[in-house]
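Trainee: Supplied structure: protein.pdb, PDB, C-alpha atoms.
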ATOM      1  CA  MET A 678     132.503 234.542  95.735
ATOM      2  CA  VAL A 679     131.416 236.120  92.448
ATOM      3  CA  THR A 680     132.193 239.609  93.726
ATOM      4  CA  GLU A 681     135.678 238.470  94.769
ATOM      5  CA  PHE A 682     136.221 237.082  91.273
ATOM      6  CA  LEU A 683     135.003 240.301  89.668
ATOM      7  CA  LYS A 684     137.310 242.374  91.877
ATOM      8  CA  HIS A 685     140.347 240.386  90.749
ATOM      9  CA  LEU A 686     139.354 240.162  87.072
ATOM     10  CA  PRO A 687     141.190 243.321  85.938
ATOM     11  CA  GLU A 688     144.373 242.032  87.577
ATOM     12  CA  LEU A 689     144.417 238.797  85.559
ATOM     13  CA  SER A 690     146.837 238.318  82.697
ATOM     14  CA  ARG A 691     145.635 238.448  79.094
ATOM     15  CA  VAL A 692     146.067 234.710  78.736
ATOM     16  CA  ARG A 693     143.783 234.022  81.695
ATOM     17  CA  LYS A 694     141.191 236.519  80.463
ATOM     18  CA  ARG A 695     141.176 234.844  77.046
ATOM     19  CA  ALA A 696     140.859 231.445  78.722
ATOM     20  CA  ILE A 697     137.750 232.720  80.516
ATOM     21  CA  LEU A 698     136.321 233.942  77.190
ATOM     22  CA  VAL A 699     137.082 230.612  75.484
ATOM     23  CA  GLY A 700     135.442 228.754  78.376
ATOM     24  CA  TYR A 701     132.357 230.951  78.090
ATOM     25  CA  ASP A 702     132.205 230.441  74.332
ATOM     26  CA  PHE A 703     132.512 226.669  74.731
ATOM     27  CA  ALA A 704     129.681 226.680  77.284
ATOM     28  CA  ALA A 705     127.626 228.959  75.008
ATOM     29  CA  MET A 706     128.050 226.502  72.132
ATOM     30  CA  ALA A 707     126.922 223.584  74.287
ATOM     31  CA  LEU A 708     123.935 225.497  75.657
ATOM     32  CA  SER A 709     122.956 226.774  72.198
ATOM     33  CA  LEU A 710     123.026 223.314  70.645
ATOM     34  CA  TRP A 711     121.041 221.768  73.494
ATOM     35  CA  ALA A 712     118.500 224.628  73.346
ATOM     36  CA  ALA A 713     118.236 224.317  69.555
ATOM     37  CA  PHE A 714     117.403 220.614  69.828
ATOM     38  CA  SER A 715     114.916 221.238  72.635
ATOM     39  CA  ALA A 716     113.249 224.138  70.785
ATOM     40  CA  ARG A 717     112.993 222.186  67.530
ATOM     41  CA  LEU A 718     111.716 218.967  69.077
ATOM     42  CA  GLY A 719     109.399 220.631  71.592
ATOM     43  CA  VAL A 720     110.693 218.475  74.431
ATOM     44  CA  LEU A 721     113.667 218.685  76.748
ATOM     45  CA  PHE A 722     116.293 216.872  74.687
ATOM     46  CA  VAL A 723     119.007 214.815  76.368
ATOM     47  CA  PRO A 724     121.638 213.471  73.942
ATOM     48  CA  GLU A 725     122.274 209.769  74.473
ATOM     49  CA  SER A 726     124.259 208.828  71.393
ATOM     50  CA  PRO A 727     128.057 208.869  71.727
ATOM     51  CA  LYS A 728     128.310 209.758  68.024
ATOM     52  CA  LEU A 729     126.150 212.824  68.547
ATOM     53  CA  ILE A 730     128.236 213.945  71.515
ATOM     54  CA  VAL A 731     131.497 213.464  69.571
ATOM     55  CA  ALA A 732     130.065 215.436  66.637
ATOM     56  CA  ALA A 733     129.054 218.228  69.007
ATOM     57  CA  LEU A 734     132.470 218.369  70.673
ATOM     58  CA  ALA A 735     134.221 218.416  67.299
ATOM     59  CA  SER A 736     132.016 221.254  66.081
ATOM     60  CA  PHE A 737     132.676 223.184  69.309
ATOM     61  CA  LEU A 738     136.425 222.885  68.765
ATOM     62  CA  ILE A 739     136.050 224.002  65.143
ATOM     63  CA  GLY A 740     133.930 226.931  66.320
ATOM     64  CA  ILE A 741     136.512 228.005  68.918
ATOM     65  CA  PHE A 742     139.244 227.763  66.287
ATOM     66  CA  ALA A 743     137.141 229.847  63.865
ATOM     67  CA  LEU A 744     136.552 232.515  66.508
ATOM     68  CA  PHE A 745     140.280 232.579  67.213
ATOM     69  CA  ARG A 746     141.120 232.922  63.503
ATOM     70  CA  LEU A 747     138.526 235.705  63.173
ATOM     71  CA  ASN A 748     140.434 237.569  65.936
ATOM     72  CA  ILE A 749     137.434 237.693  68.257
ATOM     73  CA  TYR A 750     139.699 237.146  71.264
ATOM     74  CA  HIS A 751     141.896 240.131  70.337
ATOM     75  CA  ILE A 752     139.135 242.723  70.065
ATOM     76  CA  VAL A 753     139.007 245.427  72.695
ATOM     77  CA  LEU A 754     135.418 245.797  73.874
ATOM     78  CA  ARG A 755     135.391 249.583  73.732
ATOM     79  CA  TYR A 756     136.076 249.416  69.986
ATOM     80  CA  PHE A 757     133.182 247.056  69.339
ATOM     81  CA  ASP A 758     131.684 247.925  65.919
ATOM     82  CA  LEU A 759     129.667 246.425  63.064
ATOM     83  CA  ARG A 760     132.732 244.597  61.751
ATOM     84  CA  THR A 761     133.049 242.833  65.094
ATOM     85  CA  VAL A 762     129.384 241.826  64.977
ATOM     86  CA  SER A 763     129.872 240.356  61.505
ATOM     87  CA  ARG A 764     132.893 238.394  62.763
ATOM     88  CA  ILE A 765     130.839 236.974  65.621
ATOM     89  CA  LEU A 766     128.080 236.021  63.172
ATOM     90  CA  ALA A 767     130.668 234.378  60.894
ATOM     91  CA  GLY A 768     132.056 232.412  63.836
ATOM     92  CA  ALA A 769     128.565 231.249  64.815
ATOM     93  CA  ALA A 770     127.838 230.265  61.211
ATOM     94  CA  ILE A 771     131.091 228.281  60.929
ATOM     95  CA  ALA A 772     130.334 226.448  64.177
ATOM     96  CA  SER A 773     126.793 225.596  63.032
ATOM     97  CA  VAL A 774     127.933 224.468  59.575
ATOM     98  CA  ALA A 775     130.564 222.285  61.254
ATOM     99  CA  TRP A 776     127.835 220.805  63.429
ATOM    100  CA  VAL A 777     125.568 220.083  60.446
ATOM    101  CA  VAL A 778     128.408 218.488  58.465
ATOM    102  CA  MET A 779     129.485 216.338  61.423
ATOM    103  CA  ALA A 780     125.899 215.269  62.201
ATOM    104  CA  TYR A 781     125.160 214.236  58.622
ATOM    105  CA  LEU A 782     128.491 212.519  58.047
ATOM    106  CA  LEU A 783     127.811 210.330  61.072
ATOM    107  CA  GLN A 784     124.154 209.810  60.052
ATOM    108  CA  ASP A 785     123.199 209.138  63.637
ATOM    109  CA  ALA A 786     119.591 208.731  64.707
ATOM    110  CA  ILE A 787     118.083 210.323  67.792
ATOM    111  CA  THR A 788     115.114 209.061  69.759
ATOM    112  CA  VAL A 789     112.163 211.397  70.206
ATOM    113  CA  ASN A 790     109.151 210.145  72.148
ATOM    114  CA  GLY A 791     110.380 206.566  71.708
ATOM    115  CA  MET A 792     110.727 206.835  67.929
ATOM    116  CA  PRO A 793     114.109 206.926  66.155
ATOM    117  CA  THR A 794     114.574 209.777  63.695
ATOM    118  CA  LEU A 795     117.442 211.542  61.952
ATOM    119  CA  VAL A 796     118.749 214.839  63.285
ATOM    120  CA  PRO A 797     116.371 217.576  62.066
ATOM    121  CA  ARG A 798     117.963 219.894  59.503
ATOM    122  CA  SER A 799     116.504 222.986  61.127
ATOM    123  CA  VAL A 800     118.567 222.412  64.294
ATOM    124  CA  GLY A 801     121.599 223.893  62.499
ATOM    125  CA  PHE A 802     119.794 227.161  61.734
ATOM    126  CA  ILE A 803     118.349 227.435  65.238
ATOM    127  CA  TYR A 804     121.772 226.642  66.703
ATOM    128  CA  CYS A 805     123.374 229.433  64.655
ATOM    129  CA  GLY A 806     120.819 231.973  65.880
ATOM    130  CA  PHE A 807     121.057 230.980  69.529
ATOM    131  CA  LEU A 808     124.844 230.862  69.371
ATOM    132  CA  PHE A 809     125.091 234.307  67.789
ATOM    133  CA  VAL A 810     122.959 235.804  70.559
ATOM    134  CA  LEU A 811     125.000 234.151  73.315
ATOM    135  CA  LEU A 812     128.352 235.057  71.760
ATOM    136  CA  PHE A 813     127.210 238.632  71.207
ATOM    137  CA  MET A 814     126.323 238.947  74.873
TER     138      MET A 814
END
Output the file's structure as structure tokens, nothing else.
Mentor:
Amino acid sequence: MVTEFLKHLPELSRVRKRAILVGYDFAAMALSLWAAFSARLGVLFVPESPKLIVAALASFLIGIFALFRLNIYHIVLRYFDLRTVSRILAGAAIASVAWVVMAYLLQDAITVNGMPTLVPRSVGFIYCGFLFVLLFM
């Protein structure tokens, strides 16, 4: 199934190829945020708060918009240079700042080991690092 998809990938239109990239980036943002929480807290984190999920989705949309405005989806991979890397880093930073702003505006508490606590500030930095690595790949 994957090999069939890869065979037909060059034949897809630009719009469909960009849609695949946007889908990957959205999944990368979700995975990065979940991994940042889990790495920071030291336990497998499962978000339960609807406010936290809404904040995450809003920051993902802001991040996708930032990547679009930074022309990440228009770059040809064979011309990948340091300027492109800095654009990807800027997109990851915008997405993580959006996440931090949304999380602190909502002032939602999470539960860790049965104890309520605020969202750790370091999650934003960890999220930015993880997201940069996944977007760069």
Trainee: Using 12 Å as the limit and counting only C-alpha atoms, can you tabulate each residue of stretch 719-804 of chain A that touches stretch 697-709 of chain A, with its shortest atom-to-atom distance in Å and the two atoms involved, as JSON lines?
Mentor:
{"residue": "A:Phe722", "atom": "CA", "partner": "A:Leu708", "partner_atom": "CA", "distance": 11.6}
{"residue": "A:Val723", "atom": "CA", "partner": "A:Leu708", "partner_atom": "CA", "distance": 11.8}
{"residue": "A:Pro724", "atom": "CA", "partner": "A:Ala707", "partner_atom": "CA", "distance": 11.4}
{"residue": "A:Ile730", "atom": "CA", "partner": "A:Ala707", "partner_atom": "CA", "distance": 10.1}
{"residue": "A:Ala732", "atom": "CA", "partner": "A:Ala707", "partner_atom": "CA", "distance": 11.6}
{"residue": "A:Ala733", "atom": "CA", "partner": "A:Ala707", "partner_atom": "CA", "distance": 7.8}
{"residue": "A:Leu734", "atom": "CA", "partner": "A:Ala707", "partner_atom": "CA", "distance": 8.4}
{"residue": "A:Ala735", "atom": "CA", "partner": "A:Phe703", "partner_atom": "CA", "distance": 11.2}
{"residue": "A:Ser736", "atom": "CA", "partner": "A:Met706", "partner_atom": "CA", "distance": 8.9}
{"residue": "A:Phe737", "atom": "CA", "partner": "A:Met706", "partner_atom": "CA", "distance": 6.4}
{"residue": "A:Leu738", "atom": "CA", "partner": "A:Phe703", "partner_atom": "CA", "distance": 8.1}
{"residue": "A:Ile739", "atom": "CA", "partner": "A:Phe703", "partner_atom": "CA", "distance": 10.6}
{"residue": "A:Gly740", "atom": "CA", "partner": "A:Met706", "partner_atom": "CA", "distance": 8.3}
{"residue": "A:Ile741", "atom": "CA", "partner": "A:Val699", "partner_atom": "CA", "distance": 7.1}
{"residue": "A:Phe742", "atom": "CA", "partner": "A:Val699", "partner_atom": "CA", "distance": 9.9}
{"residue": "A:Ala743", "atom": "CA", "partner": "A:Asp702", "partner_atom": "CA", "distance": 11.6}
{"residue": "A:Leu744", "atom": "CA", "partner": "A:Asp702", "partner_atom": "CA", "distance": 9.2}
{"residue": "A:Phe745", "atom": "CA", "partner": "A:Val699", "partner_atom": "CA", "distance": 9.1}
{"residue": "A:Ile749", "atom": "CA", "partner": "A:Leu698", "partner_atom": "CA", "distance": 9.8}
{"residue": "A:Tyr750", "atom": "CA", "partner": "A:Leu698", "partner_atom": "CA", "distance": 7.5}
{"residue": "A:His751", "atom": "CA", "partner": "A:Leu698", "partner_atom": "CA", "distance": 10.8}
{"residue": "A:Ile752", "atom": "CA", "partner": "A:Leu698", "partner_atom": "CA", "distance": 11.7}
{"residue": "A:Ile765", "atom": "CA", "partner": "A:Asp702", "partner_atom": "CA", "distance": 11.0}
{"residue": "A:Gly768", "atom": "CA", "partner": "A:Asp702", "partner_atom": "CA", "distance": 10.7}
{"residue": "A:Ala769", "atom": "CA", "partner": "A:Met706", "partner_atom": "CA", "distance": 8.7}
{"residue": "A:Ala770", "atom": "CA", "partner": "A:Met706", "partner_atom": "CA", "distance": 11.6}
{"residue": "A:Ile771", "atom": "CA", "partner": "A:Met706", "partner_atom": "CA", "distance": 11.7}
{"residue": "A:Ala772", "atom": "CA", "partner": "A:Met706", "partner_atom": "CA", "distance": 8.3}
{"residue": "A:Ser773", "atom": "CA", "partner": "A:Met706", "partner_atom": "CA", "distance": 9.2}
{"residue": "A:Ala775", "atom": "CA", "partner": "A:Met706", "partner_atom": "CA", "distance": 11.9}
{"residue": "A:Trp776", "atom": "CA", "partner": "A:Met706", "partner_atom": "CA", "distance": 10.4}
{"residue": "A:Val800", "atom": "CA", "partner": "A:Ser709", "partner_atom": "CA", "distance": 10.0}
{"residue": "A:Gly801", "atom": "CA", "partner": "A:Ser709", "partner_atom": "CA", "distance": 10.2}
{"residue": "A:Phe802", "atom": "CA", "partner": "A:Ser709", "partner_atom": "CA", "distance": 10.9}
{"residue": "A:Ile803", "atom": "CA", "partner": "A:Ser709", "partner_atom": "CA", "distance": 8.4}
{"residue": "A:Tyr804", "atom": "CA", "partner": "A:Ser709", "partner_atom": "CA", "distance": 5.6}
Trainee: Using C-alpha atoms, can you write the selected residues to a file as a JSON list (two decimals), in the coordinates of the input?
Mentor:
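Saved the output as result.json:
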[["chain", "number", "residue", "atom", "x", "y", "z"],
["A", 722, "PHE", "CA", 116.29, 216.87, 74.69],
["A", 723, "VAL", "CA", 119.01, 214.82, 76.37],
["A", 724, "PRO", "CA", 121.64, 213.47, 73.94],
["A", 730, "ILE", "CA", 128.24, 213.94, 71.52],
["A", 732, "ALA", "CA", 130.06, 215.44, 66.64],
["A", 733, "ALA", "CA", 129.05, 218.23, 69.01],
["A", 734, "LEU", "CA", 132.47, 218.37, 70.67],
["A", 735, "ALA", "CA", 134.22, 218.42, 67.30],
["A", 736, "SER", "CA", 132.02, 221.25, 66.08],
["A", 737, "PHE", "CA", 132.68, 223.18, 69.31],
["A", 738, "LEU", "CA", 136.43, 222.88, 68.76],
["A", 739, "ILE", "CA", 136.05, 224.00, 65.14],
["A", 740, "GLY", "CA", 133.93, 226.93, 66.32],
["A", 741, "ILE", "CA", 136.51, 228.00, 68.92],
["A", 742, "PHE", "CA", 139.24, 227.76, 66.29],
["A", 743, "ALA", "CA", 137.14, 229.85, 63.86],
["A", 744, "LEU", "CA", 136.55, 232.52, 66.51],
["A", 745, "PHE", "CA", 140.28, 232.58, 67.21],
["A", 749, "ILE", "CA", 137.43, 237.69, 68.26],
["A", 750, "TYR", "CA", 139.70, 237.15, 71.26],
["A", 751, "HIS", "CA", 141.90, 240.13, 70.34],
["A", 752, "ILE", "CA", 139.14, 242.72, 70.06],
["A", 765, "ILE", "CA", 130.84, 236.97, 65.62],
["A", 768, "GLY", "CA", 132.06, 232.41, 63.84],
["A", 769, "ALA", "CA", 128.56, 231.25, 64.82],
["A", 770, "ALA", "CA", 127.84, 230.26, 61.21],
["A", 771, "ILE", "CA", 131.09, 228.28, 60.93],
["A", 772, "ALA", "CA", 130.33, 226.45, 64.18],
["A", 773, "SER", "CA", 126.79, 225.60, 63.03],
["A", 775, "ALA", "CA", 130.56, 222.28, 61.25],
["A", 776, "TRP", "CA", 127.84, 220.80, 63.43],
["A", 800, "VAL", "CA", 118.57, 222.41, 64.29],
["A", 801, "GLY", "CA", 121.60, 223.89, 62.50],
["A", 802, "PHE", "CA", 119.79, 227.16, 61.73],
["A", 803, "ILE", "CA", 118.35, 227.44, 65.24],
["A", 804, "TYR", "CA", 121.77, 226.64, 66.70]]
Trainee: Evaluate the PyMOL selection byres ((chain A and resi 717) around 8) against this structure - the residues, as a compact mmCIF listing (two decimals) with C-alpha atoms, in the coordinates of the input, please.
Mentor:
# COMPACT_ATOMS: atom_id res chain seq x y z
CA ALA A 713 118.24 224.32 69.56
CA PHE A 714 117.40 220.61 69.83
CA SER A 715 114.92 221.24 72.64
CA ALA A 716 113.25 224.14 70.78
CA LEU A 718 111.72 218.97 69.08
CA GLY A 719 109.40 220.63 71.59
CA PRO A 797 116.37 217.58 62.07
CA SER A 799 116.50 222.99 61.13
CA VAL A 800 118.57 222.41 64.29
CA ILE A 803 118.35 227.44 65.24
Trainee: Nearest to A:Cys805: which of A:Met792, A:Ala780, A:Val774, A:Leu747 is it, counting only C-alpha atoms?
Mentor: A:Val774
Trainee: Provide the atom CA of A:Val692 to atom CA of A:Phe757 distance in Å, to one decimal place.
Mentor: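 Atom-to-atom, atom CA of A:Val692 to atom CA of A:Phe757, that is 20.2 Å.
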Trainee: So, with all atoms listed in the file as the atoms that count, which of A:Ala767, A:Leu721, A:Leu729, A:Val762 lies closest to A:Leu795?
Mentor: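 Closest candidate: A:Leu729.
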Trainee: Using only C-alpha atoms, which residue out of A:Ser690, A:Leu710, A:Asn748, A:Leu766 lies closest to A:Phe809?
Mentor: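 Closest candidate: A:Leu766.
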Trainee: Specify as number ranges by chain each residue included when the PyMOL selection byres ((chain A and resi 787) around 8) is applied to this file.
Mentor: A: 724-726, 785-786, 788-789, 793-796
Trainee: Just give me the gap between atom CA of A:Leu812 and atom CA of A:Thr680 in Å, one decimal is fine.
Mentor: 22.8 Å
Trainee: Could you work out how far atom CA of A:Leu783 lies from atom CA of A:Val731, giving the answer in Å with one decimal?
Mentor: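 Those two atoms sit 9.8 Å apart.
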